[in-house]
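J.: Sending over coords.cif (mmCIF, C-alpha atoms).
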```
data_data
#
loop_
_atom_site.label_atom_id
_atom_site.label_comp_id
_atom_site.auth_asym_id
_atom_site.auth_seq_id
_atom_site.Cartn_x
_atom_site.Cartn_y
_atom_site.Cartn_z
CA MET Q 1 15.84 21.10 2.22
CA LYS Q 2 14.52 18.38 4.52
CA ASN Q 3 10.94 17.15 4.30
CA THR Q 4 9.76 16.61 7.88
CA VAL Q 5 6.74 14.60 6.71
CA VAL Q 6 9.04 12.15 4.91
CA GLU Q 7 11.36 11.91 7.92
CA LYS Q 8 8.52 11.26 10.38
CA PHE Q 9 6.79 8.68 8.22
CA SER Q 10 10.09 6.95 7.35
CA GLU Q 11 10.82 6.60 11.06
CA PHE Q 12 7.31 5.27 11.71
CA TYR Q 13 7.59 2.82 8.80
CA GLN Q 14 10.87 1.36 10.03
CA LYS Q 15 9.35 0.67 13.43
CA TRP Q 16 6.16 -0.66 11.83
CA ILE Q 17 8.10 -3.08 9.64
CA PHE Q 18 10.14 -4.28 12.63
CA LYS Q 19 6.92 -5.08 14.49
CA LEU Q 20 5.53 -6.76 11.37
CA GLU Q 21 8.56 -9.07 11.37
CA GLU Q 22 7.81 -9.97 14.99
CA ILE Q 23 4.19 -10.69 14.11
CA LEU Q 24 5.26 -12.94 11.21
CA HIS Q 25 7.39 -14.96 13.63
CA GLN Q 26 4.36 -15.36 15.90
CA LEU Q 27 2.18 -16.44 12.97
CA LEU Q 28 4.70 -19.12 12.03
CA GLN Q 29 4.92 -20.38 15.61
CA VAL Q 30 1.23 -20.37 16.54
CA SER Q 31 -0.25 -23.60 17.84
CA LYS Q 32 -2.95 -24.97 15.55
CA THR Q 33 -4.87 -26.34 18.54
CA GLU Q 34 -5.27 -23.04 20.43
CA GLU Q 35 -8.37 -21.46 18.90
CA GLN Q 36 -8.33 -18.42 21.20
CA GLU Q 37 -4.63 -17.79 20.54
CA ILE Q 38 -5.22 -17.96 16.78
CA GLN Q 39 -8.12 -15.49 16.82
CA SER Q 40 -6.16 -13.12 19.07
CA LEU Q 41 -3.19 -13.18 16.69
CA VAL Q 42 -5.34 -12.55 13.60
CA SER Q 43 -6.87 -9.57 15.41
CA LYS Q 44 -3.37 -8.33 16.26
CA VAL Q 45 -2.39 -8.45 12.58
CA THR Q 46 -5.44 -6.51 11.39
CA THR Q 47 -4.93 -3.88 14.11
CA HIS Q 48 -1.30 -3.46 13.04
CA LEU Q 49 -2.30 -3.07 9.38
CA LYS Q 50 -4.99 -0.51 10.23
CA GLU Q 51 -2.42 1.50 12.19
CA TYR Q 52 -0.32 1.81 9.05
CA TYR Q 53 -3.20 3.26 7.03
CA THR Q 54 -4.24 5.62 9.84
CA VAL Q 55 -0.74 7.11 10.03
CA LYS Q 56 -0.38 7.08 6.24
CA TRP Q 57 -3.59 9.05 5.72
CA GLY Q 58 -2.57 11.59 8.33
CA ALA Q 59 0.81 12.14 6.67
CA ALA Q 60 -0.73 12.21 3.18
CA HIS Q 61 -3.02 15.04 4.20
CA GLU Q 62 0.14 17.10 4.73
CA ASP Q 63 2.03 15.87 1.67
CA VAL Q 64 0.33 13.25 -0.51
CA VAL Q 65 2.94 13.32 -3.28
CA ILE Q 66 5.56 11.51 -1.14
CA PHE Q 67 3.42 8.35 -1.19
CA PHE Q 68 3.55 8.15 -4.97
CA THR Q 69 7.37 8.13 -4.84
CA PRO Q 70 8.16 6.78 -1.34
CA THR Q 71 11.83 7.17 -0.45
CA TRP Q 72 11.53 4.74 2.49
CA LEU Q 73 11.07 1.87 0.01
CA SER Q 74 13.69 0.33 -2.25
CA PRO Q 75 13.38 0.77 -6.03
CA LEU Q 76 12.35 -2.89 -6.25
CA GLU Q 77 9.48 -2.31 -3.80
CA ASN Q 78 8.49 0.86 -5.66
CA ALA Q 79 8.36 -1.12 -8.91
CA HIS Q 80 5.67 -3.35 -7.38
CA LEU Q 81 3.47 -0.48 -6.17
CA TRP Q 82 -0.08 0.00 -7.42
CA VAL Q 83 -1.40 3.47 -6.52
CA THR Q 84 0.82 3.83 -3.40
CA GLY Q 85 0.51 0.23 -2.21
CA TRP Q 86 0.08 -3.44 -3.07
CA LYS Q 87 -2.46 -4.44 -5.69
CA PRO Q 88 -5.52 -6.02 -4.04
CA SER Q 89 -5.95 -8.78 -6.62
CA THR Q 90 -2.49 -10.17 -5.79
CA VAL Q 91 -3.91 -11.80 -2.66
CA PHE Q 92 -5.87 -14.19 -4.85
CA ARG Q 93 -2.63 -15.47 -6.37
CA ILE Q 94 -1.46 -16.22 -2.84
CA LEU Q 95 -4.72 -18.03 -2.12
CA ASP Q 96 -4.39 -20.00 -5.36
CA GLY Q 97 -0.93 -21.08 -4.25
CA LEU Q 98 -2.22 -22.13 -0.83
CA ASN Q 99 -5.38 -23.77 -2.15
CA ALA Q 100 -4.04 -27.34 -1.92
CA ALA Q 101 -2.91 -26.85 1.68
CA PHE Q 102 -6.11 -25.03 2.63
CA ASP Q 103 -8.49 -27.66 1.30
CA MET Q 104 -11.24 -25.04 1.04
CA THR Q 105 -14.86 -26.09 0.87
CA GLU Q 106 -16.91 -25.48 -2.26
CA GLU Q 107 -18.76 -22.72 -0.42
CA GLN Q 108 -15.49 -21.01 0.46
CA LYS Q 109 -14.24 -21.26 -3.12
CA LYS Q 110 -17.49 -19.74 -4.38
CA LYS Q 111 -17.24 -16.79 -1.99
CA ILE Q 112 -13.58 -16.20 -2.88
CA ASP Q 113 -14.42 -16.21 -6.59
CA GLU Q 114 -17.23 -13.69 -6.01
CA LEU Q 115 -14.83 -11.50 -4.02
CA ARG Q 116 -12.25 -11.77 -6.79
CA VAL Q 117 -14.75 -10.34 -9.29
CA ARG Q 118 -15.78 -7.49 -6.97
CA VAL Q 119 -12.18 -6.57 -6.27
CA ARG Q 120 -11.29 -6.46 -9.95
CA ILE Q 121 -14.20 -4.09 -10.57
CA GLU Q 122 -13.01 -1.86 -7.71
CA GLU Q 123 -9.45 -1.89 -9.06
CA GLU Q 124 -10.67 -0.77 -12.47
CA LYS Q 125 -12.55 2.13 -10.85
CA VAL Q 126 -9.39 3.23 -9.05
CA GLU Q 127 -7.34 2.97 -12.24
CA ARG Q 128 -9.85 5.07 -14.16
CA GLU Q 129 -9.81 7.71 -11.43
CA MET Q 130 -6.01 7.72 -11.38
CA GLU Q 131 -5.98 8.20 -15.13
CA ARG Q 132 -8.45 11.06 -14.73
CA GLN Q 133 -6.16 12.72 -12.20
CA GLN Q 134 -3.19 12.37 -14.55
CA VAL Q 135 -5.18 13.99 -17.34
CA ALA Q 136 -6.21 16.80 -14.99
CA MET Q 137 -2.55 17.51 -14.21
CA ALA Q 138 -1.94 18.03 -17.93
CA ASP Q 139 -5.11 20.08 -18.31
CA LEU Q 140 -4.94 23.25 -20.42
CA LYS Q 141 -5.50 25.42 -17.33
CA MET Q 142 -2.50 23.86 -15.60
CA VAL Q 143 -0.36 24.36 -18.72
CA GLU Q 144 -1.44 27.99 -19.01
CA LEU Q 145 -0.70 28.56 -15.32
CA ALA Q 146 2.76 27.08 -15.80
CA LYS Q 147 3.43 29.42 -18.73
CA LEU Q 148 2.11 32.38 -16.78
CA SER Q 149 4.25 31.43 -13.80
CA CYS Q 150 7.38 31.32 -15.98
CA ARG Q 151 6.66 34.76 -17.43
CA ALA Q 152 5.72 36.38 -14.14
CA ARG Q 153 8.13 38.19 -11.88
CA LYS Q 154 9.30 36.29 -8.84
CA GLY Q 155 6.96 36.85 -5.93
CA ASP Q 156 3.95 37.84 -8.02
CA ALA Q 157 1.16 37.22 -5.49
CA ARG Q 158 -1.57 36.91 -8.14
CA VAL Q 159 0.26 34.20 -10.06
CA ASP Q 160 1.33 32.43 -6.87
CA GLY Q 161 -2.29 32.40 -5.75
CA LEU Q 162 -3.55 30.92 -9.04
CA VAL Q 163 -0.86 28.23 -9.05
CA GLY Q 164 -1.58 27.44 -5.40
CA VAL Q 165 -5.30 26.94 -6.08
CA ALA Q 166 -4.59 24.70 -9.09
CA LEU Q 167 -2.09 22.57 -7.20
CA LYS Q 168 -4.39 22.26 -4.20
CA ALA Q 169 -7.03 20.72 -6.47
CA VAL Q 170 -4.46 18.30 -7.91
CA PHE Q 171 -3.19 17.23 -4.50
CA GLY Q 172 -6.75 16.82 -3.26
CA GLY Q 173 -7.51 14.53 -6.19
CA LEU Q 174 -4.40 12.44 -5.54
CA GLU Q 175 -5.26 12.12 -1.86
CA LYS Q 176 -8.74 10.93 -2.77
CA VAL Q 177 -7.53 8.27 -5.21
CA MET Q 178 -4.90 7.11 -2.71
CA LYS Q 179 -7.48 6.64 0.03
CA THR Q 180 -9.83 4.88 -2.37
CA SER Q 181 -7.10 2.41 -3.34
CA ASP Q 182 -6.28 1.82 0.34
CA CYS Q 183 -9.94 1.12 1.08
CA VAL Q 184 -9.99 -1.51 -1.67
CA ARG Q 185 -6.93 -3.10 -0.07
CA LEU Q 186 -8.56 -3.18 3.36
CA LYS Q 187 -11.88 -4.47 2.02
CA THR Q 188 -10.07 -7.20 0.11
CA LEU Q 189 -8.23 -8.39 3.21
CA LYS Q 190 -11.39 -8.31 5.30
CA GLY Q 191 -13.29 -10.18 2.59
CA VAL Q 192 -10.70 -12.94 2.48
CA LEU Q 193 -10.41 -13.24 6.27
CA ASP Q 194 -14.20 -13.43 6.62
CA VAL Q 195 -14.27 -16.46 4.31
CA LEU Q 196 -11.33 -18.41 5.77
CA THR Q 197 -11.26 -20.39 8.99
CA PRO Q 198 -9.06 -18.99 11.80
CA ILE Q 199 -6.14 -21.32 11.05
CA GLN Q 200 -6.47 -20.63 7.32
CA CYS Q 201 -6.31 -16.91 8.16
CA VAL Q 202 -3.03 -17.47 9.99
CA GLU Q 203 -1.51 -19.35 7.05
CA PHE Q 204 -2.73 -16.77 4.55
CA LEU Q 205 -1.46 -13.81 6.59
CA ALA Q 206 1.91 -15.50 7.14
CA ALA Q 207 2.28 -16.04 3.37
CA ASN Q 208 1.13 -12.50 2.52
CA ILE Q 209 3.37 -10.79 5.08
CA GLY Q 210 6.25 -13.10 4.25
CA ILE Q 211 6.18 -12.06 0.60
CA GLN Q 212 6.17 -8.36 1.55
CA LEU Q 213 9.12 -8.75 3.92
CA ARG Q 214 11.15 -10.90 1.51
CA LEU Q 215 10.62 -8.35 -1.25
CA ARG Q 216 11.85 -5.60 1.07
CA LYS Q 217 14.85 -7.63 2.21
CA PHE Q 218 15.87 -8.51 -1.35
CA GLY Q 219 15.37 -4.91 -2.51
CA MET Q 220 17.54 -3.53 0.28
CA LYS Q 221 20.28 -6.10 -0.38
CA ARG Q 222 20.19 -5.21 -4.07
CA ASP Q 223 20.51 -1.49 -3.26
CA LEU Q 224 23.42 -2.17 -0.92
CA ALA Q 225 25.20 -4.24 -3.56
CA ALA Q 226 24.60 -1.57 -6.20
CA GLY Q 227 25.99 1.06 -3.82
CA CYS Q 228 29.13 -0.97 -3.22
CA ILE Q 229 29.69 -1.41 -6.96
CA LEU Q 230 29.18 2.32 -7.56
CA ASN Q 231 31.68 3.21 -4.82
CA GLU Q 232 34.25 0.84 -6.31
CA GLU Q 233 33.84 2.43 -9.76
CA ILE Q 234 34.26 5.91 -8.29
#
```
Take the structure in this file and express it as structure tokens.
T.:
Amino acid sequence: MKNTVVEKFSEFYQKWIFKLEEILHQLLQVSKTEEQEIQSLVSKVTTHLKEYYTVKWGAAHEDVVIFFTPTWLSPLENAHLWVTGWKPSTVFRILDGLNAAFDMTEEQKKKIDELRVRVRIEEEKVEREMERQQVAMADLKMVELAKLSCRARKGDARVDGLVGVALKAVFGGLEKVMKTSDCVRLKTLKGVLDVLTPIQCVEFLAANIGIQLRLRKFGMKRDLAAGCILNEEI
């Protein structure tokens, strides 16, 4: 049975990634002397990223579970997921790697360090909430409902209703923790961009996007190679 939510979001994601590749090319080609062009491009990137989360939240309201096991990503990409997306604190590793090229001021370094601490605190909150949701899914009431559902006759409206209510609460909790994690991601990006100069923003975004796209490319190549090997064995 086809999942229309998965199909629609997969189609959107493919187009979104294609546009992201175009944006990366523009970031790498931008002239360092054109201040207006740089600011316009940074704004274009943030708008594109916000579009992803807007569409994601809309789809998740219909079926949040698909974002915890996204089929539009390769297994390699899935292995790097943190609550349905990239882990916010990873951007600081990118900044650390670019630090020599950036030549940040002491004031900038101080603000980045303060942001790093705030982000880690927010990540821990999300992780605790995710753990709470996992515990809730194994709650005694859920277990009892599962047992009752197994014993009940097919089509028992009372049991179906109880299971539906329990699952609705679980899905609602997952949607909440997903949105919270996305908000931490967006706040982290905004916090970094607010500290950096326009040209530093371009270099940071190019590095960040480049890593995402290379991971996807490598993951897809790996899947293709694995598929070829499997076909040969069969």
J.: Quick one: of Q:Leu76, Q:Ile94, Q:Ile209, Q:Val5, who's nearest to Arg222 (chain Q), counting only C-alpha atoms?
T.: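 Closest candidate: Q:Leu76.
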J.: So what does the PyMOL selection byres ((chain Q and resi 174-181) around 10) actually pick up in this one, as a ChimeraX atom specification?
T.: /Q:53,56-57,60-65,67-68,82-88,122-123,125-130,132-134,168-173,182-187
J.: Select, from Q:Val6, Q:Ile23, Q:Ala225, Q:Val119, the residue with the minimum atom-to-atom distance to Thr69 (chain Q), counting only C-alpha atoms.
T.: Q:Val6
J.: Take the PyMOL selection byres ((chain Q and resi 109) around 12), apply it to the structure above, and return the hits as a ChimeraX atom specification.
T.: /Q:92,95-96,99-100,102-108,110-116,192,195-196
J.: Just give me the gap between CA of Ser40 (chain Q) and CA of Pro198 (chain Q) in Å, one decimal is fine.
T.: 9.8 Å
J.: CA of Lys44 (chain Q) to CA of Val30 (chain Q): how many Å, to one decimal?
T.: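 One can read the CA of Lys44 (chain Q) to CA of Val30 (chain Q) distance as 12.9 Å.
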J.: Quick one: of Q:Gln26, Q:Gln14, Q:Thr4, Q:Gln36, who's nearest to Tyr52 (chain Q), counting all atoms listed in the file?
T.: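 Closest candidate: Q:Gln14.
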J.: Quote the spacing between CA of Glu35 (chain Q) and CA of Leu193 (chain Q) in Å to one decimal place.
T.: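 So the answer is 15.2 Å.
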